$ cat coords-v4.cif   # mmCIF, C-alpha atoms
data_my_file
loop_
_atom_site.label_atom_id
_atom_site.label_comp_id
_atom_site.auth_asym_id
_atom_site.auth_seq_id
_atom_site.Cartn_x
_atom_site.Cartn_y
_atom_site.Cartn_z
CA MET M 9 0.00 0.00 0.00
CA VAL M 10 1.21 3.50 -0.85
CA LYS M 11 0.27 6.41 1.40
CA LYS M 12 0.99 10.09 0.83
CA ILE M 13 2.37 11.61 4.05
CA GLY M 14 3.56 15.06 2.95
CA SER M 15 3.05 17.57 0.16
CA LYS M 16 3.27 21.09 1.58
CA ALA M 17 5.67 22.32 -1.13
CA VAL M 18 5.50 22.24 -4.92
CA HIS M 19 8.65 20.07 -4.99
CA ASN M 20 9.02 17.29 -2.40
CA ALA M 21 11.97 14.95 -3.00
CA PHE M 22 15.08 13.14 -1.72
CA VAL M 23 13.31 11.02 0.88
CA ASP M 24 15.01 9.03 3.64
CA LEU M 25 13.49 6.91 6.40
CA CYS M 26 14.71 5.33 9.64
CA GLU M 27 13.31 3.70 12.75
CA PHE M 28 14.12 5.30 16.10
CA LYS M 29 12.60 4.40 19.48
CA GLN M 30 9.71 2.40 17.97
CA GLN M 31 8.71 5.22 15.61
CA LEU M 32 9.48 5.98 11.99
CA TYR M 33 11.21 9.20 10.94
CA CYS M 34 10.95 10.41 7.38
CA CYS M 35 12.97 13.34 6.09
CA TYR M 36 12.87 15.03 2.69
CA ARG M 37 13.54 18.32 0.90
CA GLU M 38 10.71 20.77 0.34
CA ALA M 39 11.19 23.54 -2.24
CA GLU M 40 9.70 25.47 -5.13
CA ASN M 41 11.52 23.23 -7.64
CA HIS M 42 14.50 20.89 -8.05
CA ILE M 43 17.14 23.65 -8.12
CA SER M 44 15.47 26.52 -6.27
CA ALA M 45 17.29 28.32 -3.45
CA ASP M 46 14.48 27.76 -0.91
CA GLY M 47 15.18 24.11 -0.03
CA ARG M 48 14.33 23.16 3.55
CA ILE M 49 14.19 19.85 5.36
CA CYS M 50 10.92 18.39 6.59
CA ILE M 51 11.11 15.69 9.26
CA LEU M 52 7.97 13.68 9.95
CA THR M 53 7.47 11.38 12.93
CA LEU M 54 5.15 8.49 12.06
CA ASP M 55 3.67 5.59 13.92
CA THR M 56 4.10 2.11 12.46
CA GLN M 57 0.83 2.47 10.52
CA GLY M 58 2.14 5.59 8.73
CA HIS M 59 0.11 8.22 10.61
CA VAL M 60 1.97 11.51 10.99
CA LEU M 61 2.42 12.28 14.70
CA HIS M 62 4.70 15.31 14.46
CA SER M 63 6.39 17.44 11.83
CA ARG M 64 9.42 19.69 12.05
CA ARG M 65 11.14 21.85 9.44
CA ILE M 66 14.78 22.86 9.41
CA THR M 67 15.94 25.89 7.48
CA VAL M 68 19.16 27.88 7.19
CA PRO M 69 18.89 31.50 5.93
CA LYS M 70 19.99 32.01 2.30
CA THR M 71 20.75 28.30 2.03
CA ASP M 72 19.27 25.54 -0.09
CA LEU M 73 19.30 22.38 2.06
CA ARG M 74 19.53 19.33 -0.21
CA ASP M 75 19.44 15.55 0.01
CA PRO M 76 18.76 15.02 3.73
CA LYS M 77 19.69 11.67 5.23
CA ILE M 78 18.80 10.34 8.68
CA ILE M 79 20.48 7.56 10.66
CA VAL M 80 20.77 6.26 14.22
CA THR M 81 24.29 6.61 15.67
CA PRO M 82 26.08 4.00 17.82
CA ASP M 83 25.40 6.31 20.81
CA GLY M 84 21.64 5.91 20.24
CA ASP M 85 21.04 9.43 18.88
CA MET M 86 19.55 10.35 15.55
CA LEU M 87 21.87 12.10 13.07
CA LEU M 88 20.48 14.20 10.22
CA THR M 89 22.79 15.24 7.40
CA ALA M 90 22.30 17.54 4.41
CA TYR M 91 24.21 19.29 1.67
CA ALA M 92 23.93 23.07 2.13
CA ARG M 93 24.17 25.32 -0.92
CA GLN M 94 24.47 29.00 -0.02
CA THR M 95 22.88 31.09 -2.74
CA SER M 96 22.71 34.62 -4.08
CA LYS M 97 19.45 36.48 -4.71
CA LEU M 98 19.61 35.13 -8.29
CA ASN M 99 19.97 31.52 -7.02
CA GLN M 100 23.63 31.31 -7.96
CA THR M 101 25.78 29.03 -5.81
CA LEU M 102 28.11 31.05 -3.57
CA SER M 103 29.49 28.15 -1.52
CA THR M 104 28.63 24.61 -0.45
CA ARG M 105 29.15 22.64 2.74
CA ASN M 106 27.90 19.58 4.59
CA LEU M 107 25.82 20.09 7.73
CA ASN M 108 24.50 17.77 10.40
CA TRP M 109 22.13 17.97 13.35
CA VAL M 110 21.59 15.52 16.20
CA SER M 111 18.52 14.59 18.23
CA GLN M 112 18.14 12.44 21.31
CA THR M 113 14.34 12.53 21.17
CA GLY M 114 13.43 12.86 17.48
CA TYR M 115 11.45 16.03 18.25
CA SER M 116 14.10 18.65 18.98
CA TRP M 117 17.33 19.07 17.02
CA SER M 118 20.71 20.60 17.84
CA ALA M 119 22.26 23.52 16.02
CA ALA M 120 23.89 22.63 12.72
CA ILE M 121 27.53 21.57 12.66
CA GLU M 122 29.62 21.71 9.51
CA TYR M 123 31.70 18.62 8.73
CA ALA M 124 33.97 17.25 5.98
CA ASP M 125 35.41 19.63 3.38
CA ARG M 126 33.60 22.51 1.70
CA GLY M 127 32.84 21.93 -1.95
CA TRP M 128 32.53 18.16 -1.52
CA TRP M 129 29.02 16.66 -1.53
CA LEU M 130 28.85 13.92 1.11
CA TRP M 131 25.99 11.62 0.14
CA ARG M 132 25.44 9.32 3.06
CA VAL M 133 27.15 8.40 6.31
CA ARG M 134 27.29 4.79 7.48
CA TRP M 135 28.60 3.61 10.83
CA HIS M 136 31.00 0.73 11.42
CA LYS M 137 31.33 0.25 15.17
CA SER M 138 32.14 3.73 16.56
CA GLN M 139 33.37 5.27 13.30
CA ALA M 140 31.37 6.68 10.40
CA PHE M 141 32.34 6.55 6.74
CA GLY M 142 30.99 8.42 3.76
CA PHE M 143 31.79 9.08 0.12
CA ALA M 144 31.83 12.66 -1.13
CA TYR M 145 32.16 13.85 -4.68
CA ASN M 146 33.33 16.96 -6.43
CA ARG M 147 31.96 17.29 -9.96
CA LYS M 148 34.60 19.80 -11.16
CA GLN M 149 37.39 17.41 -10.15
CA ASN M 150 35.53 14.26 -11.34
CA THR M 151 36.61 12.66 -8.08
CA ILE M 152 35.12 10.81 -5.12
CA HIS M 153 36.88 10.89 -1.73
CA LEU M 154 36.19 8.63 1.27
CA TYR M 155 35.79 10.41 4.64
CA SER M 156 35.77 8.91 8.13
CA GLY M 157 35.40 9.86 11.79
CA ASN M 158 32.49 11.20 13.79
CA PRO M 159 30.48 13.88 11.93
CA ARG M 160 29.73 15.65 15.24
CA ARG M 161 33.40 15.88 16.24
CA SER M 162 36.03 15.24 13.57
CA PHE M 163 35.27 13.99 10.09
CA HIS M 164 38.30 13.95 7.85
CA LEU M 165 39.63 12.73 4.53
CA HIS M 166 40.30 8.99 4.88
CA GLN M 167 41.07 7.94 1.28
CA PRO M 168 41.58 10.66 -1.33
CA PHE M 169 40.67 9.79 -4.91
CA ALA M 170 38.77 6.62 -3.94
CA LEU M 171 37.34 6.92 -7.47
CA SER M 172 38.36 9.42 -10.12
CA LEU M 173 38.33 9.95 -13.86
CA LYS M 174 42.09 10.43 -13.95
CA LYS M 175 43.05 7.43 -11.76
CA HIS M 176 40.26 4.92 -12.50
CA LYS M 177 38.83 6.22 -15.79
CA LYS M 178 35.48 6.62 -14.01
CA ARG M 179 33.45 9.74 -14.82
CA ILE M 180 30.81 11.22 -12.52
CA SER M 181 27.71 11.45 -14.71
CA LYS M 182 25.93 14.75 -15.18
#

$ encode --input "coords-v4.cif" --output "structure tokens"
Amino acid sequence: MVKKIGSKAVHNAFVDLCEFKQQLYCCYREAENHISADGRICILTLDTQGHVLHSRRITVPKTDLRDPKIIVTPDGDMLLTAYARQTSKLNQTLSTRNLNWVSQTGYSWSAAIEYADRGWWLWRVRWHKSQAFGFAYNRKQNTIHLYSGNPRRSFHLHQPFALSLKKHKKRISK
């Protein structure tokens, strides 16, 4: 069965889902369109039947928040990550960075913390024991780097050029 749980914006996309403390948490980007500068994150708390119990939106001024991901950490907290594109009034990209927020309850979220390197789009973080890993790409360099650490403390370059056009003859598609 398919059930629509959110549609407040014209463009709703990049959905992620996780289970936390016997409830489901769904996050996604809400915006005017796929590349608009007004991207914000919507986080819905759902019961196991898919009924929305709570909704929360996260915004950063003059920033398009893209591709949110949500995961439970080894410490038992929820970690939300997103790619943040700072924009001009004409929706031109001024800078990019990776941000994350943490929640112990699923209802309130910490302030954003920047992690990894600016200009590199970190897609998803996965934990192995007490350390997280994630691949990030840079389209201009046609390269993917592997990062590791704890996104809330220190997240650093682990393996540069894990995949690249120059080294592996692998191109990042447009």

$ residues_around --input "coords-v4.cif" --residues "range 20-32 of chain M" --least-positions-apart "4" --cutoff "9 Å" --atoms "only C-alpha atoms" --output "ChimeraX atom specification"
/M:14-16,36-42,52-56,58,74-80,84-86,113-114

$ closest_atom_pairs --input "coords-v4.cif" --of "range 120-148 of chain M" --to "range 100-103 of chain M" --cutoff "12 Å" --atoms "all atoms listed in the file" --output "JSON lines"
{"residue": "M:Asp125", "atom": "CA", "partner": "M:Ser103", "partner_atom": "CA", "distance": 11.5}
{"residue": "M:Arg126", "atom": "CA", "partner": "M:Ser103", "partner_atom": "CA", "distance": 7.7}
{"residue": "M:Gly127", "atom": "CA", "partner": "M:Ser103", "partner_atom": "CA", "distance": 7.1}
{"residue": "M:Trp128", "atom": "CA", "partner": "M:Ser103", "partner_atom": "CA", "distance": 10.4}
{"residue": "M:Trp129", "atom": "CA", "partner": "M:Ser103", "partner_atom": "CA", "distance": 11.5}

$ resolve_selection --input "coords-v4.cif" --expression "the PyMOL selection byres ((chain M and resi 139) around 12)" --output "number ranges by chain"
M: 81-83, 133-138, 140-142, 155-164, 166

$ write_last_selection --input "coords-v4.cif" --atoms "C-alpha atoms" --output "tab-separated table (two decimals), in the frame of the given file"
chain	number	residue	atom	x	y	z
M	81	THR	CA	24.29	6.61	15.67
M	82	PRO	CA	26.08	4.00	17.82
M	83	ASP	CA	25.40	6.31	20.81
M	133	VAL	CA	27.15	8.40	6.31
M	134	ARG	CA	27.29	4.79	7.48
M	135	TRP	CA	28.60	3.61	10.83
M	136	HIS	CA	31.00	0.73	11.42
M	137	LYS	CA	31.33	0.25	15.17
M	138	SER	CA	32.14	3.73	16.56
M	140	ALA	CA	31.37	6.68	10.40
M	141	PHE	CA	32.34	6.55	6.74
M	142	GLY	CA	30.99	8.42	3.76
M	155	TYR	CA	35.79	10.41	4.64
M	156	SER	CA	35.77	8.91	8.13
M	157	GLY	CA	35.40	9.86	11.79
M	158	ASN	CA	32.49	11.20	13.79
M	159	PRO	CA	30.48	13.88	11.93
M	160	ARG	CA	29.73	15.65	15.24
M	161	ARG	CA	33.40	15.88	16.24
M	162	SER	CA	36.03	15.24	13.57
M	163	PHE	CA	35.27	13.99	10.09
M	164	HIS	CA	38.30	13.95	7.85
M	166	HIS	CA	40.30	8.99	4.88

$ atom_distance --input "coords-v4.cif" --atom1 "CA of Tyr145 in chain M" --atom2 "CA of Ile66 in chain M"
24.1 Å

$ closest_residue --input "coords-v4.cif" --among "M:Leu73, M:Leu61, M:Ile13, M:Cys34" --to "Asp46 in chain M" --atoms "all atoms listed in the file"
M:Leu73

$ atom_distance --input "coords-v4.cif" --atom1 "CA of Ser172 in chain M" --atom2 "CA of Ile152 in chain M"
6.1 Å

$ axis_aligned_box --input "coords-v4.cif" --around "range 110-126 of chain M" --padding-each-side "3 Å" --output "AutoDock Vina command-line options"
--center_x 23.4 --center_y 18.0 --center_z 11.5 --size_x 30.0 --size_y 17.1 --size_z 25.6

$ residues_around --input "coords-v4.cif" --residues "Ala45 in chain M" --least-positions-apart "6" --cutoff "9 Å" --atoms "only C-alpha atoms" --output "ChimeraX atom specification"
/M:39,70-73,93-101

$ atom_distance --input "coords-v4.cif" --atom1 "CA of Ala17 in chain M" --atom2 "CA of Glu122 in chain M"
26.2 Å

$ resolve_selection --input "coords-v4.cif" --expression "the PyMOL selection byres ((chain M and resi 146) around 12)" --output "VMD selection string"
chain M and resid 104 to 105 125 to 131 143 to 145 147 to 154 168 to 173 179 to 182
